[in-house]
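Report on the following structure.
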Amino acid sequence: MFNKLKAACRADWDAYVQHDFVRQLAAGDLPKACFQHYLKQDYLFLIHFARAYALAIYKAETLEDMQHAKAGLGAILDDELELHVSYCADWGIAREDLESLEEATATMAYTRYVLERGMAGSLVDLHVALSPCVIGYAEVARWIQAQNFTVLEGNPYRSWIEMYSSDEYVAVADAAAAYLTKAGAGLSDADLARHTKTFREATRLEIGFWQMGLDRAM
């Protein structure tokens, strides 16, 4: 299902994966202040995505679906948030700064969209809205690794690139794609059309999140 959604939204998907923010990350010339702004907003992003996985538990109709959502929620609350705080500290961003952040418009737009799709739609709607982030970051890192202009030696963003191209993260992304494929089995044409619209809109909001980092916009 994920590949079908991506193929149906190819122009938007490529604009997301190949965004100028990503290109500058790959080349190592993204301004530090832009990356710091992105990291701060990504902290808030993670908090809202934890809420989205909590919503997925509520929306689930099977124990298997509940366990899948619980794993995502636990990964964020038990590991990813603390790792993110530690990573931010390496970039000169204190925990206290993260806890008093003002939320950027792009952060609000994407995270609230995901939650709205989960509230108004089905469990599949919610996971489709999550997928450009969860699966997309692995594809972004893979694309970076494949470019001839990518510089790893001496690149200040090398750890970010390697984190999302790691076997551990690729396994997370692959599991999310497999879950979507299973959840999307037997969908009607009308359902697939709805999910394609959600996927396209979520991908565009991801583009807006990159642009927010690049512009340091609020």
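Residue numbering restarts at 1 for every chain of the structure tokens, chains are lettered A, B, ... in their displayed order, and ligands are numbered from 1 as they appear.
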
Could I get the residues of stretch 71-177 of chain A with an atom no further than 10 Å from an atom of stretch 197-215 of chain A, each paired with its nearest atom pair and that distance in Å to one decimal, using only C-alpha atoms, sorted by chain and residue number, as JSON lines?
```
{"residue": "A:Ala104", "atom": "CA", "partner": "A:Met212", "partner_atom": "CA", "distance": 7.9}
{"residue": "A:Thr105", "atom": "CA", "partner": "A:Met212", "partner_atom": "CA", "distance": 8.4}
{"residue": "A:Ala106", "atom": "CA", "partner": "A:Phe209", "partner_atom": "CA", "distance": 5.5}
{"residue": "A:Thr107", "atom": "CA", "partner": "A:Phe209", "partner_atom": "CA", "distance": 6.6}
{"residue": "A:Met108", "atom": "CA", "partner": "A:Phe209", "partner_atom": "CA", "distance": 9.8}
{"residue": "A:Ala109", "atom": "CA", "partner": "A:Leu205", "partner_atom": "CA", "distance": 7.1}
{"residue": "A:Tyr110", "atom": "CA", "partner": "A:Leu205", "partner_atom": "CA", "distance": 5.4}
{"residue": "A:Thr111", "atom": "CA", "partner": "A:Leu205", "partner_atom": "CA", "distance": 9.0}
{"residue": "A:Tyr113", "atom": "CA", "partner": "A:Ala202", "partner_atom": "CA", "distance": 7.6}
{"residue": "A:Val114", "atom": "CA", "partner": "A:Ala202", "partner_atom": "CA", "distance": 7.6}
{"residue": "A:Arg117", "atom": "CA", "partner": "A:Thr198", "partner_atom": "CA", "distance": 7.9}
{"residue": "A:Asp125", "atom": "CA", "partner": "A:Thr198", "partner_atom": "CA", "distance": 7.4}
{"residue": "A:Leu126", "atom": "CA", "partner": "A:Thr198", "partner_atom": "CA", "distance": 9.0}
{"residue": "A:His127", "atom": "CA", "partner": "A:Phe199", "partner_atom": "CA", "distance": 9.6}
{"residue": "A:Val128", "atom": "CA", "partner": "A:Phe199", "partner_atom": "CA", "distance": 6.0}
{"residue": "A:Ala129", "atom": "CA", "partner": "A:Ala202", "partner_atom": "CA", "distance": 5.7}
{"residue": "A:Leu130", "atom": "CA", "partner": "A:Ala202", "partner_atom": "CA", "distance": 7.7}
{"residue": "A:Ser131", "atom": "CA", "partner": "A:Phe199", "partner_atom": "CA", "distance": 7.7}
{"residue": "A:Pro132", "atom": "CA", "partner": "A:Thr203", "partner_atom": "CA", "distance": 5.7}
{"residue": "A:Cys133", "atom": "CA", "partner": "A:Glu206", "partner_atom": "CA", "distance": 7.3}
{"residue": "A:Gly136", "atom": "CA", "partner": "A:Thr203", "partner_atom": "CA", "distance": 8.9}
```

Selected residues written out with C-alpha atoms, as a short mmCIF file (atom, residue, chain, number, x, y, z; two decimals), in the first residue's frame:
```cif
data_model
loop_
_atom_site.label_atom_id
_atom_site.label_comp_id
_atom_site.auth_asym_id
_atom_site.auth_seq_id
_atom_site.Cartn_x
_atom_site.Cartn_y
_atom_site.Cartn_z
CA ALA A 104 5.81 26.89 14.96
CA THR A 105 2.86 27.07 12.58
CA ALA A 106 4.26 24.22 10.45
CA THR A 107 4.55 22.00 13.53
CA MET A 108 0.98 22.72 14.54
CA ALA A 109 -0.29 22.18 10.99
CA TYR A 110 1.23 18.73 10.53
CA THR A 111 0.75 17.28 13.99
CA TYR A 113 -3.58 17.13 10.84
CA VAL A 114 -2.36 13.69 11.86
CA ARG A 117 -7.22 12.19 10.57
CA ASP A 125 -6.27 6.75 8.09
CA LEU A 126 -4.11 7.55 11.11
CA HIS A 127 -1.23 5.32 10.04
CA VAL A 128 -1.35 6.69 6.50
CA ALA A 129 -1.01 10.20 7.92
CA LEU A 130 1.96 9.08 10.04
CA SER A 131 3.73 7.25 7.23
CA PRO A 132 5.49 10.14 5.42
CA CYS A 133 7.38 10.77 8.63
CA GLY A 136 9.84 8.78 4.84
#
```

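Once A:Leu152 and its same-chain neighbours fewer than 2 positions away are set aside, Leu25, Ala26, Ala27, Gly28, Asp29, Ile144, Gln145, Ala146, Gln147, Asn148, Phe149, Thr150, Gly154, Asn155, Pro156, Tyr157, Arg158, Ser159, Trp160, Ile161 and Glu162 of chain A remain within 12 Å of it when counting only C-alpha atoms.
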
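Of the listed residues (A:Leu187, A:Leu44, A:Val170, A:Ala7), A:Leu44 comes nearest to A:Ile76; the distances count only C-alpha atoms.
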
message = So that I can check the surroundings of A:Lys4, please list as number ranges by chain every protein, DNA and RNA residue that reaches within 10 Å of it, counting only C-alpha atoms and ignoring chain neighbours fewer than 5 positions away.
response = A: 9-10, 181, 192, 196

Atoms kept (C-alpha atoms) for selection, written as an mmCIF file, in the first residue's frame:
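Wrote it out as part00.cif, contents follow:
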```cif
data_model
loop_
_atom_site.group_PDB
_atom_site.id
_atom_site.type_symbol
_atom_site.label_atom_id
_atom_site.label_comp_id
_atom_site.auth_asym_id
_atom_site.auth_seq_id
_atom_site.Cartn_x
_atom_site.Cartn_y
_atom_site.Cartn_z
ATOM 1 C CA CYS A 9 1.912 11.244 -5.125
ATOM 2 C CA ARG A 10 5.299 11.079 -6.849
ATOM 3 C CA THR A 181 0.311 -3.197 3.432
ATOM 4 C CA LEU A 192 -7.700 3.998 -1.484
ATOM 5 C CA THR A 196 -4.087 8.813 -1.238
#
```

task = Name the residues in contact with A:Asp97 at a cut-off of 9 Å, using only C-alpha atoms, excluding same-chain residues fewer than 4 positions from it; report them as JSON, numbers by chain.
result = {"A": [40, 93, 101]}

Those same residues, written as a compact mmCIF listing (two decimals), in the first residue's frame with C-alpha atoms?
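Full text of out_33.txt as output:
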```
# COMPACT_ATOMS: atom_id res chain seq x y z
CA LYS A 40 13.59 22.29 18.61
CA ILE A 93 19.95 23.40 23.11
CA LEU A 101 9.28 26.30 23.23
```

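Considering the residues A:Gly118, A:Gln41, A:Tyr169, A:Asp90 and counting only C-alpha atoms, A:Ala54 has its shortest atom-to-atom contact with A:Gly118.
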
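Taking only C-alpha atoms into account, A:Met66 lies nearest to A:Leu123 out of the set A:Ala190, A:Met218, A:Leu123, A:Ile135.
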
ask   = Restricting the calculation to only C-alpha atoms, which member of A:Phe2, A:Tyr53, A:Trp143, A:Tyr87 is positioned closest to A:Tyr16?
value = A:Trp143

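Of the listed residues (A:Ala8, A:Asp78, A:Asp14, A:Met119), A:Met119 comes nearest to A:Tyr58; the distances count only C-alpha atoms.
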
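Closest approach to A:Ala185 among A:Ala138, A:Glu153, A:Val124, A:Ala89: A:Val124, based on only C-alpha atoms.
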
inquiry  = Among stretch 8-116 of chain A, which ones does DSSP assign to helix (DSSP H, G or I) (computed from the backbone)? Answer as a PyMOL selection string.
reply    = chain A and resi 8+10-17+20-27+32-59+63-90+95-99+105-116
